[in-house]
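Raw contents of start_6.txt, compact mmCIF, C-alpha atoms:
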# COMPACT_ATOMS: atom_id res chain seq x y z
CA MET A 99 -9.63 8.27 -2.44
CA ILE A 100 -6.25 7.17 -1.07
CA TYR A 101 -5.77 5.00 -4.16
CA ILE A 102 -6.18 7.99 -6.48
CA LEU A 103 -3.73 10.01 -4.42
CA ALA A 104 -1.28 7.09 -4.41
CA ALA A 105 -1.53 6.80 -8.19
CA LEU A 106 -1.12 10.53 -8.91
CA LEU A 107 1.25 11.60 -6.11
CA PRO A 108 2.82 8.37 -4.86
CA PRO A 109 5.05 9.62 -1.99
CA ILE A 110 2.30 11.87 -0.61
CA GLY A 111 -0.24 9.06 -0.79
CA LEU A 112 2.07 6.72 1.10
CA LEU A 113 2.79 9.34 3.76
CA LEU A 114 -0.90 9.99 4.32
CA ASN A 115 -1.47 6.24 4.57
CA GLY A 116 1.05 6.02 7.43
CA GLN A 117 3.97 4.47 5.53
CA PRO A 118 6.93 6.85 5.84
CA PHE A 119 9.65 4.35 4.87
CA SER A 120 7.74 3.30 1.77
CA ALA A 121 7.29 6.98 0.92
CA ILE A 122 11.05 7.58 1.12
CA PHE A 123 11.72 4.49 -0.98
CA ASN A 124 9.08 5.64 -3.47
CA LEU A 125 10.64 9.10 -3.71
CA ILE A 126 14.00 7.51 -4.58
CA LEU A 127 12.19 5.25 -7.02
CA CYS A 128 10.55 8.31 -8.61
CA VAL A 129 13.93 9.94 -9.21
CA VAL A 130 15.49 6.80 -10.68
CA CYS A 131 12.47 6.06 -12.85
CA ALA A 132 12.29 9.66 -14.05
CA ILE A 133 15.89 9.46 -15.24
CA PHE A 134 15.61 6.07 -16.94
CA GLY A 135 12.01 6.69 -17.96
CA LEU A 136 13.19 9.04 -20.68
CA VAL A 137 14.43 5.98 -22.57
CA PHE A 138 12.12 3.25 -21.23
CA HIS A 139 8.74 4.98 -20.88
CA ILE A 140 7.08 2.13 -19.00
CA LEU A 141 9.33 2.87 -16.01
CA LEU A 142 7.32 6.03 -15.38
CA LEU A 143 4.47 3.84 -14.10
CA VAL A 144 6.57 1.91 -11.56
CA PRO A 145 6.38 4.42 -8.64
CA SER A 146 2.60 4.70 -8.97
CA ALA A 147 2.21 0.93 -9.14
CA HIS A 148 4.41 0.53 -6.05
CA ALA A 149 2.34 3.06 -4.12
CA VAL A 150 -1.02 1.54 -5.07
CA ILE A 151 0.18 -1.97 -4.17
CA ALA A 152 1.64 -0.76 -0.85
CA VAL A 153 -1.60 1.04 0.07
CA HIS A 154 -3.63 -2.05 -0.82
CA MET A 155 -1.40 -4.32 1.28
CA LYS A 156 -1.62 -1.96 4.27
CA ARG A 157 -5.43 -1.84 4.04
CA GLU A 158 -5.65 -5.63 3.80
CA ASP A 159 -3.39 -5.94 6.84
CA ARG A 160 -5.64 -3.57 8.80
CA ARG A 161 -8.75 -5.49 7.75
CA HIS A 162 -7.14 -8.78 8.74
CA ARG A 163 -6.19 -7.41 12.18
CA GLU A 164 -9.77 -6.20 12.72
CA VAL A 165 -11.16 -9.66 11.94
CA VAL A 166 -8.64 -11.39 14.20
CA ASP A 167 -9.40 -8.95 17.04
CA ALA A 168 -13.15 -9.52 16.61
CA ILE A 169 -12.67 -13.29 16.72
CA ARG A 170 -10.52 -12.99 19.84
CA GLN A 171 -13.08 -10.75 21.52
CA HIS A 172 -16.31 -12.51 20.54
CA GLY A 173 -15.17 -16.00 19.59
CA PRO A 174 -15.50 -17.68 16.20
CA PRO A 175 -18.78 -17.39 14.29
CA PRO A 176 -21.37 -20.15 14.69
CA GLY A 177 -20.68 -23.15 12.48
CA TYR A 178 -16.98 -22.27 12.15
CA PRO A 179 -14.88 -25.46 11.99
CA ARG A 180 -12.46 -25.80 14.87
Serialized structure, structure tokens:
Amino acid sequence: MIYILAALLPPIGLLLNGQPFSAIFNLILCVVCAIFGLVFHILLLVPSAHAVIAVHMKREDRRHREVVDAIRQHGPPPGYPR
């Protein structure tokens, strides 16, 4: 659901994902791309792409931290090379 929000309303999606600095950068990017997007239409997709990539990277970082915390708490899985 957050990916759809990030694609349709990029700054709002980034804010709700806990990335306020990326949301501010994306808002500036939206303004710049809206101005130059009148000539180069592909630029209208840049803010949405930035938001979707930023949300994906944040989720992967969270997932990685969860795995590292689980390994620290419970030890490596059986058969894991040391």
Skip A:Pro109 itself and residues of its chain fewer than 5 positions away, then list as a ChimeraX atom specification all residues within 7 Å of it, counting only C-alpha atoms.
/A:121,124-125
Can you list, as number ranges by chain, every protein, DNA or RNA residue that comes within 10 Å of A:Ser120 when you count only C-alpha atoms, leaving out same-chain residues fewer than 6 positions away?
A: 108-109, 112-113, 126, 148-149, 152-153
Writing out the chosen residues with C-alpha atoms as a compact mmCIF listing (two decimals), in the frame of the given file:
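Okay, again_11.txt is ready:
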# COMPACT_ATOMS: atom_id res chain seq x y z
CA PRO A 108 2.82 8.37 -4.86
CA PRO A 109 5.05 9.62 -1.99
CA LEU A 112 2.07 6.72 1.10
CA LEU A 113 2.79 9.34 3.76
CA ILE A 126 14.00 7.51 -4.58
CA HIS A 148 4.41 0.53 -6.05
CA ALA A 149 2.34 3.06 -4.12
CA ALA A 152 1.64 -0.76 -0.85
CA VAL A 153 -1.60 1.04 0.07
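Taking atom CA of A:Ile100 and atom CA of A:Gln117 as endpoints, the distance between them is 12.5 Å.
Computed from the coordinates, the atom CA of A:Pro145 to atom CA of A:Cys128 distance equals 5.7 Å.
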Hey, can I get the axis-aligned box for stretch 150-166 of chain A? All listed atoms, 4 Å padding on each side, centre and edge lengths in Å to one decimal, as JSON.
{"center_x": -4.8, "center_y": -4.9, "center_z": 4.6, "size_x": 20.8, "size_y": 20.9, "size_z": 27.3}
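Closest approach to A:Arg160 among A:Ala104, A:Ile140, A:Phe123, A:Asn115 is made by A:Asn115 (distances from only C-alpha atoms).
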By how many Å are atom CA of A:Lys156 and atom CA of A:Pro118 apart?
12.4 Å
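The shortest atom-to-atom distance to A:Ala147, with only C-alpha atoms taken into account, belongs to A:Leu127 out of A:Ile133, A:Leu127, A:Ile122, A:Gly177.
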